[in-house]
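Peer 1: Sharing entry35.cif below, mmCIF, C-alpha atoms:
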```cif
data_final
#
loop_
_atom_site.label_atom_id
_atom_site.label_comp_id
_atom_site.auth_asym_id
_atom_site.auth_seq_id
_atom_site.Cartn_x
_atom_site.Cartn_y
_atom_site.Cartn_z
CA MET A 1 144.49 93.46 147.49
CA ARG A 2 147.72 94.08 149.39
CA ILE A 3 149.51 97.39 148.91
CA LEU A 4 153.15 97.56 149.86
CA SER A 5 154.80 100.99 150.09
CA VAL A 6 158.45 101.15 149.12
CA ALA A 7 160.43 104.38 149.32
CA VAL A 8 163.23 104.74 146.80
CA ALA A 9 165.73 107.59 146.83
CA PHE A 10 166.04 109.21 143.43
CA LEU A 11 169.58 110.19 142.47
CA GLY A 12 169.29 110.35 138.68
CA THR A 13 171.86 107.63 138.00
CA ALA A 14 171.73 103.88 137.51
CA SER A 15 173.16 103.32 140.98
CA ALA A 16 170.08 104.92 142.46
CA PHE A 17 168.08 101.86 141.65
CA SER A 18 169.75 99.41 144.00
CA PRO A 19 167.29 98.67 146.81
CA ILE A 20 167.41 101.51 149.32
CA THR A 21 164.75 101.72 152.01
CA VAL A 22 164.28 104.89 154.00
CA ALA A 23 161.47 106.46 155.95
CA PRO A 24 159.07 108.47 153.77
CA ARG A 25 159.77 111.63 155.81
CA ALA A 26 163.40 111.51 154.64
CA PHE A 27 162.34 112.49 151.12
CA SER A 28 162.35 115.97 149.74
CA HIS A 29 158.87 116.16 148.23
CA THR A 30 160.01 119.00 145.97
CA ALA A 31 162.95 116.97 144.64
CA LEU A 32 160.76 114.00 143.86
CA LYS A 33 158.39 116.24 141.93
CA MET A 34 161.29 117.11 139.62
CA ALA A 35 161.56 113.54 138.31
CA THR A 36 160.52 113.36 134.66
CA GLN A 37 158.18 110.69 133.36
CA ASP A 38 161.13 108.88 131.75
CA GLU A 39 162.98 108.92 135.07
CA LEU A 40 159.95 107.39 136.79
CA LYS A 41 159.81 104.71 134.09
CA GLN A 42 163.48 103.99 134.62
CA GLN A 43 162.96 103.59 138.36
CA VAL A 44 160.27 100.92 137.99
CA GLY A 45 162.02 99.19 135.10
CA TYR A 46 165.24 98.83 137.06
CA LYS A 47 163.48 97.86 140.29
CA ALA A 48 161.52 95.07 138.58
CA VAL A 49 164.72 93.50 137.28
CA ASP A 50 166.60 94.00 140.56
CA ASP A 51 163.81 92.43 142.61
CA TYR A 52 162.53 89.63 140.38
CA VAL A 53 165.22 88.50 137.93
CA LYS A 54 167.78 86.00 139.20
CA SER A 55 170.55 84.04 137.53
CA GLY A 56 169.41 80.99 135.57
CA MET A 57 165.94 82.37 134.80
CA VAL A 58 163.92 82.47 131.60
CA VAL A 59 162.60 86.02 131.33
CA GLY A 60 159.91 87.60 129.16
CA LEU A 61 160.84 91.06 127.88
CA GLY A 62 157.96 93.45 127.32
CA THR A 63 157.51 96.17 124.73
CA GLY A 64 157.15 99.92 125.13
CA SER A 65 158.74 102.98 126.68
CA THR A 66 158.69 101.60 130.23
CA ALA A 67 159.68 98.02 129.36
CA TYR A 68 162.63 99.52 127.49
CA PHE A 69 164.32 100.28 130.81
CA ALA A 70 163.77 96.76 132.13
CA VAL A 71 165.48 95.37 129.01
CA GLU A 72 168.28 97.88 129.49
CA ARG A 73 168.74 96.76 133.11
CA VAL A 74 168.91 93.07 132.16
CA GLY A 75 171.63 93.92 129.65
CA GLN A 76 173.58 95.92 132.25
CA LYS A 77 173.50 93.16 134.84
CA LEU A 78 174.46 90.45 132.36
CA LYS A 79 177.39 92.55 131.15
CA SER A 80 178.60 93.20 134.70
CA GLY A 81 178.29 89.52 135.62
CA GLU A 82 175.74 90.20 138.34
CA LEU A 83 173.34 88.00 136.36
CA LYS A 84 174.42 84.76 134.72
CA ASP A 85 172.74 82.16 132.50
CA VAL A 86 169.66 84.30 131.90
CA ILE A 87 167.82 83.78 128.61
CA CYS A 88 165.00 85.99 127.41
CA ILE A 89 161.97 85.95 125.15
CA PRO A 90 161.14 89.29 123.46
CA THR A 91 157.53 90.32 122.78
CA SER A 92 158.15 92.35 119.62
CA VAL A 93 160.62 92.94 116.82
CA ARG A 94 161.83 96.19 118.37
CA THR A 95 162.38 94.57 121.78
CA LYS A 96 164.28 91.79 120.02
CA GLU A 97 166.48 94.37 118.32
CA GLN A 98 167.14 96.21 121.60
CA ALA A 99 167.99 92.95 123.39
CA GLU A 100 170.35 91.87 120.59
CA SER A 101 172.13 95.24 120.78
CA LEU A 102 172.78 94.51 124.48
CA ASP A 103 173.97 90.94 123.81
CA ILE A 104 171.07 89.43 125.75
CA PRO A 105 170.67 85.72 124.85
CA LEU A 106 167.27 85.15 123.21
CA VAL A 107 165.02 82.15 122.70
CA THR A 108 161.35 81.69 121.76
CA LEU A 109 158.30 79.95 123.17
CA ASP A 110 158.94 77.14 120.71
CA THR A 111 161.88 75.98 122.83
CA HIS A 112 160.93 77.48 126.22
CA SER A 113 157.20 77.43 126.96
CA LYS A 114 157.62 78.10 130.68
CA LEU A 115 159.02 81.40 131.93
CA ASP A 116 160.09 82.31 135.45
CA VAL A 117 159.05 85.94 135.10
CA ALA A 118 157.86 88.46 132.51
CA ILE A 119 158.18 92.23 132.90
CA ASP A 120 156.13 94.72 130.90
CA GLY A 121 154.35 98.05 131.07
CA ALA A 122 150.65 98.88 130.70
CA ASP A 123 148.57 101.68 129.21
CA GLU A 124 145.94 101.66 131.98
CA ILE A 125 145.37 99.72 135.20
CA ASP A 126 142.15 99.71 137.23
CA PRO A 127 141.75 98.99 140.99
CA GLY A 128 141.25 95.27 140.26
CA LEU A 129 144.59 95.21 138.37
CA ASN A 130 142.82 94.66 135.06
CA MET A 131 144.87 96.28 132.33
CA VAL A 132 144.72 97.75 128.86
CA LYS A 133 147.87 96.95 126.90
CA GLY A 134 148.79 97.10 123.24
CA GLY A 135 149.10 100.81 122.60
CA GLY A 136 152.44 99.91 121.04
CA GLY A 137 150.85 97.26 118.83
CA ALA A 138 152.52 94.20 120.42
CA LEU A 139 149.49 92.93 122.35
CA LEU A 140 149.36 89.43 120.84
CA ARG A 141 152.99 88.56 121.42
CA GLU A 142 152.91 90.22 124.84
CA LYS A 143 149.96 88.11 125.93
CA MET A 144 151.37 84.89 124.48
CA VAL A 145 154.61 85.35 126.40
CA GLU A 146 153.25 86.80 129.63
CA ILE A 147 150.54 84.20 130.10
CA CYS A 148 153.31 81.57 130.17
CA ALA A 149 155.22 83.27 133.00
CA GLU A 150 155.07 82.06 136.59
CA LYS A 151 155.22 85.74 137.61
CA PHE A 152 154.05 88.71 135.56
CA ILE A 153 155.43 92.00 136.88
CA VAL A 154 153.82 95.16 135.54
CA ILE A 155 155.75 98.43 135.64
CA VAL A 156 154.08 101.84 135.31
CA ASP A 157 154.20 105.45 136.41
CA GLU A 158 151.28 106.79 138.43
CA SER A 159 149.60 108.36 135.38
CA LYS A 160 148.53 104.86 134.27
CA ILE A 161 146.44 104.17 137.39
CA VAL A 162 142.74 104.83 136.69
CA ASP A 163 139.37 104.32 138.36
CA GLY A 164 138.04 102.44 135.33
CA LEU A 165 139.32 101.22 131.97
CA GLY A 166 138.15 102.75 128.72
CA PRO A 167 137.86 106.54 128.60
CA GLY A 168 141.53 107.29 129.12
CA PHE A 169 142.99 104.88 126.58
CA PRO A 170 141.44 102.95 123.66
CA VAL A 171 141.28 99.16 123.89
CA PRO A 172 143.24 97.69 120.95
CA VAL A 173 141.93 94.60 119.19
CA GLU A 174 144.12 92.69 116.73
CA ILE A 175 142.10 91.35 113.79
CA THR A 176 142.77 89.50 110.55
CA PRO A 177 143.06 91.62 107.40
CA PHE A 178 140.52 89.36 105.64
CA CYS A 179 137.14 91.12 105.64
CA HIS A 180 138.31 93.50 108.35
CA GLU A 181 135.36 95.87 107.89
CA HIS A 182 132.98 93.00 108.59
CA THR A 183 134.93 92.12 111.74
CA MET A 184 134.81 95.74 112.90
CA ARG A 185 131.01 95.75 112.56
CA GLU A 186 130.80 92.48 114.48
CA ILE A 187 132.93 93.92 117.27
CA ALA A 188 130.72 97.01 117.51
CA ALA A 189 127.65 94.76 117.78
CA LEU A 190 128.92 92.85 120.81
CA PRO A 191 126.86 93.65 123.94
CA SER A 192 129.94 94.74 125.86
CA CYS A 193 131.20 96.94 123.01
CA LYS A 194 128.04 98.76 121.95
CA ALA A 195 129.25 101.96 123.62
CA ALA A 196 132.56 101.81 121.77
CA LYS A 197 133.64 103.66 118.66
CA PRO A 198 135.91 101.31 116.65
CA VAL A 199 138.75 103.04 114.77
CA LEU A 200 141.07 101.21 112.38
CA ARG A 201 144.68 102.02 113.26
CA MET A 202 146.50 103.84 110.45
CA GLY A 203 150.18 104.55 109.87
CA SER A 204 152.53 103.05 112.44
CA SER A 205 151.30 100.07 114.44
CA SER A 206 153.43 101.19 117.40
CA ASN A 207 151.02 103.95 118.47
CA ASN A 208 147.29 104.68 118.23
CA GLN A 209 147.72 108.04 116.52
CA ASN A 210 146.58 108.42 112.92
CA ASP A 211 150.04 109.12 111.51
CA GLY A 212 149.78 107.70 107.99
CA ASP A 213 147.55 106.89 105.03
CA GLU A 214 148.17 103.13 105.03
CA ILE A 215 146.57 100.63 107.40
CA ALA A 216 148.91 99.80 110.29
CA ILE A 217 150.35 96.28 110.16
CA THR A 218 151.43 94.41 113.31
CA ASP A 219 154.53 92.22 113.62
CA ASN A 220 152.15 89.32 112.89
CA GLY A 221 150.78 90.82 109.66
CA ASN A 222 147.41 91.74 111.19
CA TYR A 223 145.38 94.94 111.64
CA ILE A 224 144.46 96.74 114.87
CA VAL A 225 141.09 98.25 115.75
CA ASP A 226 141.16 100.72 118.65
CA LEU A 227 137.93 100.79 120.68
CA ASN A 228 137.23 104.27 122.07
CA PHE A 229 134.96 104.60 125.11
CA GLU A 230 133.47 107.66 126.76
CA GLU A 231 132.53 105.82 129.97
CA ASN A 232 134.23 103.18 132.12
CA ILE A 233 134.01 99.61 130.90
CA LYS A 234 131.59 97.95 133.32
CA ASP A 235 132.93 94.40 133.09
CA PRO A 236 136.39 94.02 131.49
CA GLY A 237 136.30 90.23 131.95
CA THR A 238 133.06 89.83 130.01
CA MET A 239 134.32 92.10 127.24
CA ALA A 240 137.55 90.09 127.05
CA SER A 241 135.60 86.84 126.63
CA GLU A 242 133.23 88.26 124.01
CA LEU A 243 136.07 89.67 121.94
CA LYS A 244 138.16 86.50 122.16
CA ASN A 245 135.22 84.37 121.00
CA LEU A 246 134.53 86.49 117.91
CA CYS A 247 135.68 84.96 114.62
CA GLY A 248 138.13 87.32 112.95
CA VAL A 249 139.57 88.60 116.23
CA VAL A 250 143.09 87.34 116.88
CA ASP A 251 143.36 88.80 120.39
CA HIS A 252 142.69 91.96 122.39
CA GLY A 253 144.43 94.35 124.75
CA LEU A 254 142.49 93.50 127.90
CA PHE A 255 144.80 91.70 130.32
CA CYS A 256 142.60 90.51 133.19
CA ASP A 257 143.68 88.52 136.26
CA MET A 258 147.25 88.21 135.01
CA ALA A 259 149.42 90.51 137.15
CA THR A 260 151.48 89.09 140.02
CA ALA A 261 152.50 92.59 141.10
CA VAL A 262 152.30 96.14 139.78
CA ILE A 263 155.23 98.45 140.53
CA ILE A 264 154.17 102.10 140.42
CA ALA A 265 156.47 105.13 140.40
CA GLY A 266 155.04 108.45 141.53
CA SER A 267 155.88 111.75 143.15
CA ASP A 268 155.91 110.10 146.59
CA GLY A 269 158.25 107.24 145.63
CA ILE A 270 157.51 103.69 144.56
CA SER A 271 154.61 101.47 145.64
CA VAL A 272 153.84 97.85 144.84
CA LYS A 273 150.29 96.52 144.44
CA GLU A 274 149.48 92.82 144.55
CA PRO A 275 146.15 91.01 144.04
#
```
Rewrite the coordinates I just gave you, this time as structure tokens.

Peer 2:
Amino acid sequence: MRILSVAVAFLGTASAFSPITVAPRAFSHTALKMATQDELKQQVGYKAVDDYVKSGMVVGLGTGSTAYFAVERVGQKLKSGELKDVICIPTSVRTKEQAESLDIPLVTLDTHSKLDVAIDGADEIDPGLNMVKGGGGALLREKMVEICAEKFIVIVDESKIVDGLGPGFPVPVEITPFCHEHTMREIAALPSCKAAKPVLRMGSSSNNQNDGDEIAITDNGNYIVDLNFEENIKDPGTMASELKNLCGVVDHGLFCDMATAVIIAGSDGISVKEP
């Protein structure tokens, strides 16, 4: 794995996100510490668009609080004329609505099955760049779009980097409503999932908090089961295969061997990890 260190001066305005390279010693460590989590998310969202999106591209737009800033940046650069002839594919209804509010031209995979780049956040990333995604409930559409991209750029703040997947964030699994209790039992019986506690998502599908009395419904009309682990998942790839092969499972939130690069914002600036 190659790790590229990039220092970015934080100024608190959109102009701060044009590429600026300075020596690490030029930073005020105290000032960087003052950046809020949303400011860190903005930094990586803007940088991903500035570095990877060019005129004429087909771009996948992710879903979530970090991807929000990448969508915002695409809209800004199209409006200013810095980007031209860019068309985008959203990964959720709420991303579609945000993109439409910014006058970003949208298409679907039905007409454009090949994307130049997709940009999205993640809930957890391990040292092998395996990810848990889908905390916001858009895991199926995210995976469908991002697997079609020539480059998949992941944008996170440093809190999402972990030693192992599982304990820090539940693994979401999208399942069919038909006989969902049966499917939950089948998931729990999988060899790779025996240590998991499956919890049916209730209330809003856009978070894994129990915030309602009704079963959460995804944009695709399905349910979500969140798998809670107390220990690190030993083999994310094996778990991904077992879940995908189970009848009743639509897809899951393990994104393995997909990232082209991960852009990470932290107290010491921005770093980029590549496989």

Peer 1: With distances taken over all atoms listed in the file, which of A:Met57, A:Met144, A:Ile224, A:Cys88 is nearest to Leu102 (chain A)?

Peer 2: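 Selected residue with least distance to Leu102 (chain A): A:Cys88.
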
Peer 1: What residues come out when you apply the PyMOL selection byres ((chain A and resi 91) around 9) to this file, written as a compact mmCIF listing (two decimals) with C-alpha atoms, keeping the file's coordinate frame?

Peer 2:
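So part.txt came out as:
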```
# COMPACT_ATOMS: atom_id res chain seq x y z
CA GLY A 60 159.91 87.60 129.16
CA LEU A 61 160.84 91.06 127.88
CA GLY A 62 157.96 93.45 127.32
CA THR A 63 157.51 96.17 124.73
CA ILE A 89 161.97 85.95 125.15
CA PRO A 90 161.14 89.29 123.46
CA SER A 92 158.15 92.35 119.62
CA VAL A 93 160.62 92.94 116.82
CA ARG A 94 161.83 96.19 118.37
CA THR A 95 162.38 94.57 121.78
CA LYS A 96 164.28 91.79 120.02
CA ALA A 138 152.52 94.20 120.42
CA LEU A 139 149.49 92.93 122.35
CA LEU A 140 149.36 89.43 120.84
CA ARG A 141 152.99 88.56 121.42
CA GLU A 142 152.91 90.22 124.84
CA LYS A 143 149.96 88.11 125.93
CA MET A 144 151.37 84.89 124.48
CA VAL A 145 154.61 85.35 126.40
CA GLU A 146 153.25 86.80 129.63
```

Peer 1: When the PyMOL selection byres ((chain A and resi 184-192) around 12) is applied to the structure above, which residues does it catch, written out as a CSV table (one decimal) with C-alpha atoms, in the frame of the given file?

Peer 2:
```csv
chain,number,residue,atom,x,y,z
A,166,GLY,CA,138.2,102.8,128.7
A,171,VAL,CA,141.3,99.2,123.9
A,172,PRO,CA,143.2,97.7,121.0
A,173,VAL,CA,141.9,94.6,119.2
A,174,GLU,CA,144.1,92.7,116.7
A,175,ILE,CA,142.1,91.4,113.8
A,176,THR,CA,142.8,89.5,110.6
A,177,PRO,CA,143.1,91.6,107.4
A,178,PHE,CA,140.5,89.4,105.6
A,179,CYS,CA,137.1,91.1,105.6
A,180,HIS,CA,138.3,93.5,108.4
A,181,GLU,CA,135.4,95.9,107.9
A,182,HIS,CA,133.0,93.0,108.6
A,183,THR,CA,134.9,92.1,111.7
A,193,CYS,CA,131.2,96.9,123.0
A,194,LYS,CA,128.0,98.8,122.0
A,195,ALA,CA,129.2,102.0,123.6
A,196,ALA,CA,132.6,101.8,121.8
A,197,LYS,CA,133.6,103.7,118.7
A,198,PRO,CA,135.9,101.3,116.6
A,199,VAL,CA,138.8,103.0,114.8
A,200,LEU,CA,141.1,101.2,112.4
A,201,ARG,CA,144.7,102.0,113.3
A,223,TYR,CA,145.4,94.9,111.6
A,224,ILE,CA,144.5,96.7,114.9
A,225,VAL,CA,141.1,98.2,115.8
A,226,ASP,CA,141.2,100.7,118.6
A,227,LEU,CA,137.9,100.8,120.7
A,228,ASN,CA,137.2,104.3,122.1
A,229,PHE,CA,135.0,104.6,125.1
A,232,ASN,CA,134.2,103.2,132.1
A,233,ILE,CA,134.0,99.6,130.9
A,234,LYS,CA,131.6,98.0,133.3
A,235,ASP,CA,132.9,94.4,133.1
A,236,PRO,CA,136.4,94.0,131.5
A,237,GLY,CA,136.3,90.2,132.0
A,238,THR,CA,133.1,89.8,130.0
A,239,MET,CA,134.3,92.1,127.2
A,240,ALA,CA,137.6,90.1,127.0
A,241,SER,CA,135.6,86.8,126.6
A,242,GLU,CA,133.2,88.3,124.0
A,243,LEU,CA,136.1,89.7,121.9
A,244,LYS,CA,138.2,86.5,122.2
A,245,ASN,CA,135.2,84.4,121.0
A,246,LEU,CA,134.5,86.5,117.9
A,247,CYS,CA,135.7,85.0,114.6
A,248,GLY,CA,138.1,87.3,113.0
A,249,VAL,CA,139.6,88.6,116.2
A,252,HIS,CA,142.7,92.0,122.4
```

Peer 1: Taking all atoms listed in the file into account, name the residue in A:Glu82, A:Val156, A:Val132, A:Asn210 that is nearest to Glu39 (chain A).

Peer 2: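 The answer is A:Val156, which sits nearest to Glu39 (chain A).
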
Peer 1: Carefully work through the PyMOL selection byres ((chain A and resi 217) around 10) for this structure and note down the residues it includes, as a list in words.

Peer 2: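 Applying the expression gives Gly137, Glu174, Pro177, Arg201, Met202, Gly203, Ser204, Ser205, Ser206, Glu214, Ile215, Ala216, Thr218, Asp219, Asn220, Gly221, Asn222, Tyr223 and Ile224 of chain A.
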
Peer 1: Report, as JSON, the axis-aligned box around all atoms of region 58-74 of chain A present in the file, extended by 5 Å on each side; give centre and edge lengths in Å to one decimal place.

Peer 2:
```
{"center_x": 163.0, "center_y": 92.7, "center_z": 128.9, "size_x": 21.8, "size_y": 30.5, "size_z": 18.4}
```

Peer 1: Nearest to Leu254 (chain A): which of A:Asp126, A:Asp103, A:Glu158, A:Asp85 is it, counting all atoms listed in the file?

Peer 2: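 Comparing A:Asp126, A:Asp103, A:Glu158, A:Asp85 against Leu254 (chain A), the winner is A:Asp126.
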
Peer 1: Could you please determine the separation between CA of Ile270 (chain A) and CA of Ile153 (chain A) in Å, to one decimal place?

Peer 2: 14.1 Å

Peer 1: Skip Arg73 (chain A) itself and residues of its chain fewer than 2 positions away, then list as a short mmCIF file (atom, residue, chain, number, x, y, z; two decimals) with C-alpha atoms, in the frame of the given file all residues within 9 Å of it, counting all atoms listed in the file.

Peer 2:
```
data_model
loop_
_atom_site.label_atom_id
_atom_site.label_comp_id
_atom_site.auth_asym_id
_atom_site.auth_seq_id
_atom_site.Cartn_x
_atom_site.Cartn_y
_atom_site.Cartn_z
CA ALA A 14 171.73 103.88 137.51
CA GLY A 45 162.02 99.19 135.10
CA TYR A 46 165.24 98.83 137.06
CA LYS A 47 163.48 97.86 140.29
CA VAL A 49 164.72 93.50 137.28
CA ASP A 50 166.60 94.00 140.56
CA TYR A 68 162.63 99.52 127.49
CA PHE A 69 164.32 100.28 130.81
CA ALA A 70 163.77 96.76 132.13
CA VAL A 71 165.48 95.37 129.01
CA GLY A 75 171.63 93.92 129.65
CA GLN A 76 173.58 95.92 132.25
CA LYS A 77 173.50 93.16 134.84
CA LEU A 78 174.46 90.45 132.36
#
```

Peer 1: Using only C-alpha atoms, collect all residues at a distance of at most 10 Å from (143.8, 103.1, 131.4) as written in the file, then present them as a list in words.

Peer 2: Ala122, Asp123, Glu124, Ile125, Asp126, Asn130, Met131, Val132, Lys133, Ser159, Lys160, Ile161, Val162, Asp163, Gly164, Leu165, Gly166, Pro167, Gly168, Phe169, Pro170, Val171 and Asn232 of chain A

Peer 1: I'd like the neighbourhood of Leu40 (chain A) as a list in words, where a residue qualifies if any of its atoms comes within 10 Å (using all atoms listed in the file), though same-chain residues fewer than 4 positions away should be ignored.

Peer 2: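 Non-adjacent residues within range: Phe10, Gly12, Leu32, Ala35, Thr36, Val44, Gly45, Thr66, Ile155, Val156, Asp157, Glu158, Ile264, Ala265, Gly266, Ser267, Gly269 and Ile270 of chain A.
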
Peer 1: Which of these residues is nearest to Val262 (chain A), using only C-alpha atoms: A:Val74, A:Ala48, A:Ile147, A:Ile87?

Peer 2: A:Ala48

Peer 1: Using only C-alpha atoms for the distances, tell me which of A:Val53, A:Lys79, A:Ala99, A:Leu106 is nearest to Ile119 (chain A).

Peer 2: A:Val53
